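Shown below: final_19.pdb, with PDB, C-alpha atoms.
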ATOM      1  CA  MET T  40      -2.067 -78.423  28.779
ATOM      2  CA  THR T  41      -0.466 -76.438  31.607
ATOM      3  CA  SER T  42      -1.433 -72.776  31.505
ATOM      4  CA  PRO T  43       1.214 -70.091  30.936
ATOM      5  CA  ASP T  44       0.412 -68.485  34.310
ATOM      6  CA  VAL T  45       0.950 -71.780  36.139
ATOM      7  CA  LEU T  46       4.304 -72.176  34.385
ATOM      8  CA  LYS T  47       5.266 -68.582  35.195
ATOM      9  CA  ALA T  48       4.436 -69.101  38.878
ATOM     10  CA  ALA T  49       6.487 -72.307  38.901
ATOM     11  CA  ASP T  50       9.414 -70.462  37.280
ATOM     12  CA  MET T  51       9.251 -67.685  39.905
ATOM     13  CA  LEU T  52       9.483 -70.202  42.738
ATOM     14  CA  ILE T  53      12.355 -72.093  41.113
ATOM     15  CA  ASP T  54      14.218 -68.829  40.526
ATOM     16  CA  ALA T  55      13.782 -67.925  44.206
ATOM     17  CA  VAL T  56      15.389 -71.221  45.208
ATOM     18  CA  ARG T  57      18.218 -70.738  42.723
ATOM     19  CA  THR T  58      19.002 -67.144  43.706
ATOM     20  CA  GLY T  59      18.134 -67.286  47.399
ATOM     21  CA  ILE T  60      15.927 -64.220  46.914
ATOM     22  CA  ALA T  61      12.221 -64.533  47.730
ATOM     23  CA  CYS T  62       9.749 -63.651  44.985
ATOM     24  CA  PRO T  63       6.483 -61.706  45.195
ATOM     25  CA  PRO T  64       3.501 -63.857  46.224
ATOM     26  CA  VAL T  65       2.590 -66.068  43.274
ATOM     27  CA  ARG T  66      -1.156 -65.769  43.935
ATOM     28  CA  ALA T  67      -1.143 -62.655  41.738
ATOM     29  CA  LEU T  68      -0.679 -64.951  38.718
ATOM     30  CA  LEU T  69      -3.447 -67.419  39.580
ATOM     31  CA  PRO T  70      -7.244 -67.197  39.901
ATOM     32  CA  GLU T  71      -8.198 -65.987  43.364
ATOM     33  CA  GLY T  72      -8.463 -68.846  45.827
ATOM     34  CA  ASP T  73      -7.832 -71.476  43.141
ATOM     35  CA  ILE T  74      -6.217 -74.325  45.092
ATOM     36  CA  LYS T  75      -6.376 -76.609  42.059
ATOM     37  CA  ALA T  76      -4.203 -74.164  40.098
ATOM     38  CA  ALA T  77      -1.824 -73.936  43.064
ATOM     39  CA  TYR T  78      -1.381 -77.719  43.102
ATOM     40  CA  ALA T  79      -0.734 -77.548  39.355
ATOM     41  CA  VAL T  80       2.184 -75.198  40.077
ATOM     42  CA  GLN T  81       3.458 -77.556  42.756
ATOM     43  CA  ARG T  82       3.180 -80.513  40.385
ATOM     44  CA  VAL T  83       5.196 -78.734  37.674
ATOM     45  CA  ASN T  84       8.121 -78.180  40.026
ATOM     46  CA  THR T  85       7.861 -81.672  41.517
ATOM     47  CA  GLU T  86       8.076 -83.164  38.038
ATOM     48  CA  ARG T  87      11.007 -80.907  37.233
ATOM     49  CA  GLY T  88      12.787 -82.121  40.347
ATOM     50  CA  VAL T  89      12.288 -85.773  39.418
ATOM     51  CA  ALA T  90      13.422 -85.086  35.849
ATOM     52  CA  ASN T  91      16.598 -83.549  37.271
ATOM     53  CA  GLY T  92      17.378 -86.671  39.285
ATOM     54  CA  ARG T  93      15.837 -85.847  42.665
ATOM     55  CA  ARG T  94      14.283 -88.802  44.500
ATOM     56  CA  ILE T  95      10.901 -88.516  46.183
ATOM     57  CA  ALA T  96      11.200 -89.720  49.808
ATOM     58  CA  GLY T  97       7.657 -89.055  50.998
ATOM     59  CA  ARG T  98       5.114 -86.338  51.705
ATOM     60  CA  LYS T  99       4.386 -83.658  54.257
ATOM     61  CA  ILE T 100       1.077 -82.464  55.611
ATOM     62  CA  GLY T 101       0.531 -78.803  56.421
ATOM     63  CA  LEU T 102      -2.243 -76.652  57.848
ATOM     64  CA  THR T 103      -3.260 -79.231  60.452
ATOM     65  CA  SER T 104      -3.895 -76.553  63.076
ATOM     66  CA  PRO T 105      -7.448 -75.106  63.165
ATOM     67  CA  ALA T 106      -5.970 -71.723  64.107
ATOM     68  CA  VAL T 107      -3.710 -71.643  61.047
ATOM     69  CA  GLN T 108      -6.552 -72.840  58.818
ATOM     70  CA  ALA T 109      -8.703 -69.987  60.085
ATOM     71  CA  GLN T 110      -5.876 -67.523  59.458
ATOM     72  CA  LEU T 111      -5.634 -68.586  55.807
ATOM     73  CA  GLY T 112      -9.383 -68.974  55.335
ATOM     74  CA  VAL T 113      -9.425 -72.714  54.631
ATOM     75  CA  ASP T 114     -11.049 -75.748  56.216
ATOM     76  CA  GLN T 115      -8.630 -78.459  55.110
ATOM     77  CA  PRO T 116      -4.945 -79.358  55.343
ATOM     78  CA  ASP T 117      -2.561 -79.251  52.402
ATOM     79  CA  PHE T 118       0.388 -81.391  51.313
ATOM     80  CA  GLY T 119       3.768 -81.200  49.654
ATOM     81  CA  THR T 120       6.534 -83.513  48.446
ATOM     82  CA  LEU T 121       9.623 -84.528  50.414
ATOM     83  CA  PHE T 122      12.739 -85.164  48.363
ATOM     84  CA  ALA T 123      15.626 -87.239  49.695
ATOM     85  CA  ASP T 124      18.009 -84.294  49.359
ATOM     86  CA  MET T 125      15.872 -82.353  51.856
ATOM     87  CA  ALA T 126      16.824 -84.726  54.698
ATOM     88  CA  VAL T 127      19.250 -83.404  57.323
ATOM     89  CA  PRO T 128      20.925 -85.939  59.657
ATOM     90  CA  GLU T 129      19.733 -85.935  63.265
ATOM     91  CA  GLY T 130      21.844 -83.419  65.157
ATOM     92  CA  GLY T 131      23.180 -82.094  61.853
ATOM     93  CA  VAL T 132      23.879 -78.565  60.692
ATOM     94  CA  VAL T 133      21.979 -76.557  58.090
ATOM     95  CA  ALA T 134      24.409 -74.519  56.026
ATOM     96  CA  ALA T 135      24.074 -70.749  56.161
ATOM     97  CA  GLY T 136      22.101 -69.459  53.190
ATOM     98  CA  ARG T 137      20.656 -72.844  52.246
ATOM     99  CA  LEU T 138      17.141 -71.547  52.966
ATOM    100  CA  ILE T 139      15.614 -68.108  52.543
ATOM    101  CA  GLN T 140      13.496 -67.512  55.665
ATOM    102  CA  PRO T 141      13.399 -70.739  57.699
ATOM    103  CA  LYS T 142      11.139 -71.649  60.584
ATOM    104  CA  VAL T 143      11.090 -74.869  62.607
ATOM    105  CA  GLU T 144       8.236 -77.026  63.864
ATOM    106  CA  ALA T 145       8.119 -80.382  65.654
ATOM    107  CA  GLU T 146       6.138 -83.287  64.242
ATOM    108  CA  VAL T 147       5.524 -87.010  64.345
ATOM    109  CA  ALA T 148       6.924 -88.810  61.290
ATOM    110  CA  LEU T 149       5.538 -92.119  60.068
ATOM    111  CA  VAL T 150       7.564 -94.466  57.866
ATOM    112  CA  LEU T 151       5.411 -96.802  55.807
ATOM    113  CA  GLY T 152       5.967-100.521  55.338
ATOM    114  CA  ALA T 153       3.159-100.939  52.795
ATOM    115  CA  ASP T 154       1.314 -98.936  50.145
ATOM    116  CA  LEU T 155      -1.813 -96.942  51.023
ATOM    117  CA  ALA T 156      -3.805 -97.028  47.798
ATOM    118  CA  HIS T 157      -7.410 -96.665  49.027
ATOM    119  CA  ARG T 158      -9.396 -93.517  48.264
ATOM    120  CA  ASP T 159     -11.226 -93.949  51.569
ATOM    121  CA  CYS T 160      -8.252 -94.764  53.781
ATOM    122  CA  THR T 161      -8.995 -95.288  57.469
ATOM    123  CA  VAL T 162      -6.879 -94.856  60.571
ATOM    124  CA  ALA T 163      -6.780 -98.652  60.788
ATOM    125  CA  ASP T 164      -5.305 -98.768  57.278
ATOM    126  CA  VAL T 165      -2.619 -96.275  58.329
ATOM    127  CA  ILE T 166      -1.765 -98.289  61.448
ATOM    128  CA  ARG T 167      -1.515-101.496  59.430
ATOM    129  CA  ALA T 168       0.734 -99.873  56.810
ATOM    130  CA  THR T 169       3.054 -98.012  59.183
ATOM    131  CA  GLU T 170       6.323 -99.730  60.022
ATOM    132  CA  PHE T 171       7.408 -97.282  62.723
ATOM    133  CA  ALA T 172       7.232 -93.686  63.958
ATOM    134  CA  LEU T 173       9.980 -91.149  64.658
ATOM    135  CA  PRO T 174      10.224 -87.696  66.216
ATOM    136  CA  ALA T 175      10.863 -85.117  63.506
ATOM    137  CA  LEU T 176      11.628 -81.481  62.867
ATOM    138  CA  GLU T 177      10.331 -79.866  59.735
ATOM    139  CA  ILE T 178      12.250 -76.785  58.654
ATOM    140  CA  VAL T 179       9.710 -74.880  56.634
ATOM    141  CA  ASP T 180      10.623 -72.105  54.234
ATOM    142  CA  SER T 181       8.731 -69.754  51.970
ATOM    143  CA  ARG T 182       9.914 -68.619  48.588
ATOM    144  CA  ASN T 183       7.200 -65.921  48.817
ATOM    145  CA  ALA T 184       8.630 -62.693  50.223
ATOM    146  CA  ASP T 185       8.090 -61.969  53.942
ATOM    147  CA  TRP T 186       5.949 -65.093  54.399
ATOM    148  CA  ASP T 187       3.126 -63.129  52.773
ATOM    149  CA  ILE T 188       1.036 -66.183  51.930
ATOM    150  CA  THR T 189      -2.477 -67.390  51.366
ATOM    151  CA  ILE T 190      -3.441 -71.024  50.841
ATOM    152  CA  VAL T 191      -2.699 -70.577  47.127
ATOM    153  CA  ASP T 192       0.844 -69.338  47.771
ATOM    154  CA  THR T 193       1.813 -72.078  50.201
ATOM    155  CA  VAL T 194       0.326 -74.917  48.126
ATOM    156  CA  ALA T 195       2.086 -73.685  44.984
ATOM    157  CA  ASP T 196       5.314 -73.442  46.990
ATOM    158  CA  ASN T 197       5.297 -77.176  47.825
ATOM    159  CA  ALA T 198       3.390 -76.485  51.055
ATOM    160  CA  SER T 199       6.264 -74.244  52.189
ATOM    161  CA  SER T 200       8.620 -77.218  52.477
ATOM    162  CA  GLY T 201      12.281 -76.675  53.224
ATOM    163  CA  LEU T 202      14.162 -79.485  54.949
ATOM    164  CA  PHE T 203      13.393 -82.204  57.485
ATOM    165  CA  VAL T 204      15.191 -84.003  60.293
ATOM    166  CA  LEU T 205      14.247 -87.460  61.565
ATOM    167  CA  GLY T 206      15.141 -88.913  64.944
ATOM    168  CA  GLY T 207      17.219 -92.066  64.859
ATOM    169  CA  THR T 208      15.291 -94.520  67.049
ATOM    170  CA  PRO T 209      12.218 -96.088  65.409
ATOM    171  CA  VAL T 210       9.238 -96.850  67.643
ATOM    172  CA  PRO T 211       6.493 -99.332  66.654
ATOM    173  CA  LEU T 212       2.969 -97.904  66.670
ATOM    174  CA  ALA T 213       1.853-100.678  69.035
ATOM    175  CA  ASP T 214       3.884 -98.944  71.751
ATOM    176  CA  LEU T 215       2.428 -95.478  71.143
ATOM    177  CA  ASP T 216      -0.575 -93.309  71.854
ATOM    178  CA  LEU T 217       0.113 -90.702  69.181
ATOM    179  CA  ARG T 218      -2.889 -88.579  70.101
ATOM    180  CA  GLY T 219      -1.584 -88.293  73.644
ATOM    181  CA  VAL T 220       2.086 -87.495  72.968
ATOM    182  CA  ARG T 221       3.400 -84.240  74.421
ATOM    183  CA  MET T 222       5.964 -82.094  72.640
ATOM    184  CA  THR T 223       8.330 -79.387  73.823
ATOM    185  CA  MET T 224      10.683 -77.666  71.374
ATOM    186  CA  THR T 225      13.552 -75.496  72.548
ATOM    187  CA  ARG T 226      15.771 -72.971  70.802
ATOM    188  CA  GLY T 227      19.086 -72.496  72.561
ATOM    189  CA  GLY T 228      17.650 -74.318  75.567
ATOM    190  CA  GLU T 229      14.609 -72.035  75.873
ATOM    191  CA  ALA T 230      11.142 -73.467  75.225
ATOM    192  CA  VAL T 231       9.601 -71.906  72.096
ATOM    193  CA  SER T 232       6.816 -74.366  71.228
ATOM    194  CA  GLU T 233       4.622 -76.862  73.041
ATOM    195  CA  GLY T 234       1.743 -79.066  71.981
ATOM    196  CA  THR T 235       0.217 -82.511  71.880
ATOM    197  CA  GLY T 236      -0.656 -85.101  69.278
ATOM    198  CA  ALA T 237      -4.295 -84.072  69.529
ATOM    199  CA  ASP T 238      -3.305 -80.584  68.283
ATOM    200  CA  CYS T 239      -2.488 -82.111  64.884
ATOM    201  CA  LEU T 240      -5.891 -82.567  63.219
ATOM    202  CA  GLY T 241      -7.095 -84.446  66.294
ATOM    203  CA  GLY T 242      -4.163 -86.851  66.032
ATOM    204  CA  PRO T 243      -1.299 -87.619  63.611
ATOM    205  CA  LEU T 244      -3.024 -90.784  62.383
ATOM    206  CA  ASN T 245      -6.063 -88.727  61.319
ATOM    207  CA  ALA T 246      -3.767 -86.449  59.334
ATOM    208  CA  ALA T 247      -2.060 -89.406  57.672
ATOM    209  CA  ALA T 248      -5.411 -90.981  56.735
ATOM    210  CA  TRP T 249      -6.500 -87.694  55.131
ATOM    211  CA  LEU T 250      -3.267 -87.527  53.139
ATOM    212  CA  ALA T 251      -3.453 -91.147  52.024
ATOM    213  CA  SER T 252      -7.053 -90.753  50.819
ATOM    214  CA  THR T 253      -6.308 -87.467  49.045
ATOM    215  CA  LEU T 254      -3.263 -88.807  47.203
ATOM    216  CA  ALA T 255      -4.966 -92.079  46.264
ATOM    217  CA  ALA T 256      -7.893 -90.131  44.805
ATOM    218  CA  ALA T 257      -5.384 -88.144  42.736
ATOM    219  CA  GLY T 258      -3.805 -91.350  41.412
ATOM    220  CA  ASP T 259      -0.514 -90.823  43.253
ATOM    221  CA  PRO T 260      -0.799 -92.926  46.436
ATOM    222  CA  LEU T 261       1.598 -93.212  49.328
ATOM    223  CA  ARG T 262       4.027 -96.098  48.871
ATOM    224  CA  ALA T 263       6.013 -98.421  51.123
ATOM    225  CA  ALA T 264       9.155 -96.706  52.510
ATOM    226  CA  ASP T 265       7.587 -93.233  52.197
ATOM    227  CA  VAL T 266       8.216 -90.811  55.048
ATOM    228  CA  VAL T 267       5.073 -88.950  56.114
ATOM    229  CA  LEU T 268       5.460 -85.770  58.158
ATOM    230  CA  THR T 269       2.053 -85.618  59.799
ATOM    231  CA  GLY T 270       1.918 -81.922  60.739
ATOM    232  CA  ALA T 271       3.026 -79.572  63.483
ATOM    233  CA  LEU T 272       2.289 -80.390  67.113
ATOM    234  CA  GLY T 273       2.759 -76.754  68.131
ATOM    235  CA  PRO T 274       3.623 -73.287  66.817
ATOM    236  CA  MET T 275       6.590 -72.841  64.483
ATOM    237  CA  ALA T 276       9.608 -70.791  65.550
ATOM    238  CA  VAL T 277      11.850 -68.543  63.450
ATOM    239  CA  ALA T 278      15.371 -69.883  62.891
ATOM    240  CA  ALA T 279      18.475 -67.691  62.684
ATOM    241  CA  PRO T 280      22.166 -68.482  62.095
ATOM    242  CA  GLY T 281      23.682 -70.031  65.213
ATOM    243  CA  ASP T 282      20.395 -71.395  66.572
ATOM    244  CA  ARG T 283      20.088 -74.935  67.894
ATOM    245  CA  PHE T 284      16.643 -76.533  68.086
ATOM    246  CA  GLU T 285      15.705 -79.657  69.978
ATOM    247  CA  ALA T 286      12.294 -81.270  70.231
ATOM    248  CA  ARG T 287      11.318 -83.844  72.813
ATOM    249  CA  ILE T 288       8.190 -85.840  72.130
ATOM    250  CA  SER T 289       6.972 -88.145  74.871
ATOM    251  CA  GLN T 290       6.999 -91.846  73.948
ATOM    252  CA  LEU T 291       9.142 -91.076  70.865
ATOM    253  CA  GLY T 292      12.338 -89.403  72.069
ATOM    254  CA  HIS T 293      14.181 -86.336  70.823
ATOM    255  CA  VAL T 294      15.531 -84.822  67.624
ATOM    256  CA  ALA T 295      17.816 -81.817  67.106
ATOM    257  CA  VAL T 296      19.299 -79.591  64.423
ATOM    258  CA  GLU T 297      21.630 -76.582  64.256
ATOM    259  CA  PHE T 298      21.866 -73.624  61.895
ATOM    260  CA  ALA T 299      25.373 -72.625  60.894
ATOM    261  CA  THR T 300      26.599 -69.096  61.237
ATOM    262  CA  LYS T 301      27.879 -67.361  58.135
ATOM    263  CA  GLY T 302      31.237 -68.765  57.123
ATOM    264  CA  ASP T 303      30.900 -71.804  59.362
ATOM    265  CA  GLU T 304      32.060 -74.783  57.306
ATOM    266  CA  SER T 305      31.003 -77.443  59.842
TER     267      SER T 305
END
Take the structure in this file and express it as structure tokens.
Amino acid sequence: MTSPDVLKAADMLIDAVRTGIACPPVRALLPEGDIKAAYAVQRVNTERGVANGRRIAGRKIGLTSPAVQAQLGVDQPDFGTLFADMAVPEGGVVAAGRLIQPKVEAEVALVLGADLAHRDCTVADVIRATEFALPALEIVDSRNADWDITIVDTVADNASSGLFVLGGTPVPLADLDLRGVRMTMTRGGEAVSEGTGADCLGGPLNAAAWLASTLAAAGDPLRAADVVLTGALGPMAVAAPGDRFEARISQLGHVAVEFATKGDES
């Protein structure tokens, strides 16, 4: 049975989405440092989304940077669910007010052609199951006020997921060295983030293998056609109305998104 505090935390996060007003950090409702309870909150709202007709499109990996892990006092990544209605077309526009306090980060996305059901998934398994890779932007958001988060807050809040943008030209893994890719992300033409594939848990394939093993152990494995956002290649950048972000990832290409100004109907 789901505890009342888990349900209350889930309700707070849903209300923040509905109203567009961030809530106090939900960790106050849960046992200190209890990641299991935080995932229970996440699961409640994922199940609510599915019950309301939302389609799961894949998963995202967070906390792949050692520096961010150290900041939050953890030694492992986390994950969240991607819904199809979170996808923004490449070069598209995010409506003003759609998110509460968005930030943008550049990532490698994998699109699976086969299930990954092993509890001890290897990088070779990930390579075999991946149909192609794409450059991606993840637009993260926090329903917790002022991004005042611990690992418990971000896990409960669907790993601070917001929206995602996929590039439009698929690239087979056979043509890529994902550990060696180099990324530059600009905002309004000015570089705001740089990094490499190795900055993402030693390589995006490592991150994907961790996710696949973790989800399989939980009885909810990655499936064919799932999109996997493998984690940030560099620091995130704050997004404001009117901003345009573009990421260029060597070997993969580029991907861009804009944020509408208030009243802009485009």
Neighbour list for Gly219 (chain T) as a PDB file with C-alpha atoms, keeping the file's coordinate frame, cut-off 9 Å, all atoms listed in the file, skip fewer than 3 positions in-chain:
ATOM      1  CA  LEU T 215       2.428 -95.478  71.143  1.00  0.00           C
ATOM      2  CA  ASP T 216      -0.575 -93.309  71.854  1.00  0.00           C
ATOM      3  CA  THR T 235       0.217 -82.511  71.880  1.00  0.00           C
ATOM      4  CA  GLY T 236      -0.656 -85.101  69.278  1.00  0.00           C
ATOM      5  CA  ALA T 237      -4.295 -84.072  69.529  1.00  0.00           C
ATOM      6  CA  GLY T 242      -4.163 -86.851  66.032  1.00  0.00           C
ATOM      7  CA  SER T 289       6.972 -88.145  74.871  1.00  0.00           C
TER       8      SER T 289
END
Pull the closest atom pair for each residue of region 187-293 of chain T that gets at most 12 Å from region 154-165 of chain T, along with the distance in Å to one decimal, counting all atoms listed in the file, ordering rows by chain and then ascending residue number, as CSV.
residue,atom,partner,partner_atom,distance
T:Leu212,CA,T:Val165,CA,10.2
T:Leu217,CA,T:Val162,CA,11.8
T:Gly241,CA,T:Val162,CA,11.9
T:Gly242,CA,T:Val162,CA,10.1
T:Pro243,CA,T:Val162,CA,9.6
T:Leu244,CA,T:Val162,CA,5.9
T:Asn245,CA,T:Val162,CA,6.2
T:Ala246,CA,T:Val162,CA,9.0
T:Ala247,CA,T:Val165,CA,6.9
T:Ala248,CA,T:Cys160,CA,5.6
T:Trp249,CA,T:Cys160,CA,7.4
T:Leu250,CA,T:Cys160,CA,8.8
T:Ala251,CA,T:Leu155,CA,6.1
T:Ser252,CA,T:Arg158,CA,4.4
T:Thr253,CA,T:Arg158,CA,6.8
T:Leu254,CA,T:Arg158,CA,7.8
T:Ala255,CA,T:Arg158,CA,5.1
T:Ala256,CA,T:Arg158,CA,5.1
T:Ala257,CA,T:Arg158,CA,8.7
T:Gly258,CA,T:Ala156,CA,8.5
T:Asp259,CA,T:Ala156,CA,8.4
T:Pro260,CA,T:Ala156,CA,5.3
T:Leu261,CA,T:Leu155,CA,5.3
T:Arg262,CA,T:Asp154,CA,4.1
T:Ala263,CA,T:Asp154,CA,4.8
T:Ala264,CA,T:Asp154,CA,8.5
T:Asp265,CA,T:Asp154,CA,8.7
T:Val266,CA,T:Asp154,CA,11.7
T:Val267,CA,T:Val165,CA,10.9
T:Thr269,CA,T:Val165,CA,11.7
May I have the residues from that selection written out with C-alpha atoms, as a CSV table (one decimal), keeping the file's coordinate frame?
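Result saved to out_16.csv:
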chain,number,residue,atom,x,y,z
T,212,LEU,CA,3.0,-97.9,66.7
T,217,LEU,CA,0.1,-90.7,69.2
T,241,GLY,CA,-7.1,-84.4,66.3
T,242,GLY,CA,-4.2,-86.9,66.0
T,243,PRO,CA,-1.3,-87.6,63.6
T,244,LEU,CA,-3.0,-90.8,62.4
T,245,ASN,CA,-6.1,-88.7,61.3
T,246,ALA,CA,-3.8,-86.4,59.3
T,247,ALA,CA,-2.1,-89.4,57.7
T,248,ALA,CA,-5.4,-91.0,56.7
T,249,TRP,CA,-6.5,-87.7,55.1
T,250,LEU,CA,-3.3,-87.5,53.1
T,251,ALA,CA,-3.5,-91.1,52.0
T,252,SER,CA,-7.1,-90.8,50.8
T,253,THR,CA,-6.3,-87.5,49.0
T,254,LEU,CA,-3.3,-88.8,47.2
T,255,ALA,CA,-5.0,-92.1,46.3
T,256,ALA,CA,-7.9,-90.1,44.8
T,257,ALA,CA,-5.4,-88.1,42.7
T,258,GLY,CA,-3.8,-91.4,41.4
T,259,ASP,CA,-0.5,-90.8,43.3
T,260,PRO,CA,-0.8,-92.9,46.4
T,261,LEU,CA,1.6,-93.2,49.3
T,262,ARG,CA,4.0,-96.1,48.9
T,263,ALA,CA,6.0,-98.4,51.1
T,264,ALA,CA,9.2,-96.7,52.5
T,265,ASP,CA,7.6,-93.2,52.2
T,266,VAL,CA,8.2,-90.8,55.0
T,267,VAL,CA,5.1,-89.0,56.1
T,269,THR,CA,2.1,-85.6,59.8
**Report entry** Residues in the PyMOL selection byres ((chain T and resi 46) around 12), expressed as a ChimeraX atom specification
**Finding:** /T:40-45,47-53,65,68-69,76-84,87,195
**Report entry** Proximity to Ile60 (chain T) - best of T:Leu111, T:Ala90, T:Ala184, T:Val132, only C-alpha atoms
**Finding:**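 Between T:Leu111, T:Ala90, T:Ala184, T:Val132, the residue approaching Ile60 (chain T) most closely is T:Ala184.
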Requested in this report: Find the distance between CA of Gly130 (chain T) and CA of Pro116 (chain T) and write it in Å to one decimal.
Outcome: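 About the pair CA of Gly130 (chain T) and CA of Pro116 (chain T): they are 28.8 Å apart.
Distance annotation: of T:Val220, T:Ile95, T:Ala145, T:Leu202, the residue with the minimal separation from Gln290 (chain T) is T:Val220; atom set is only C-alpha atoms.
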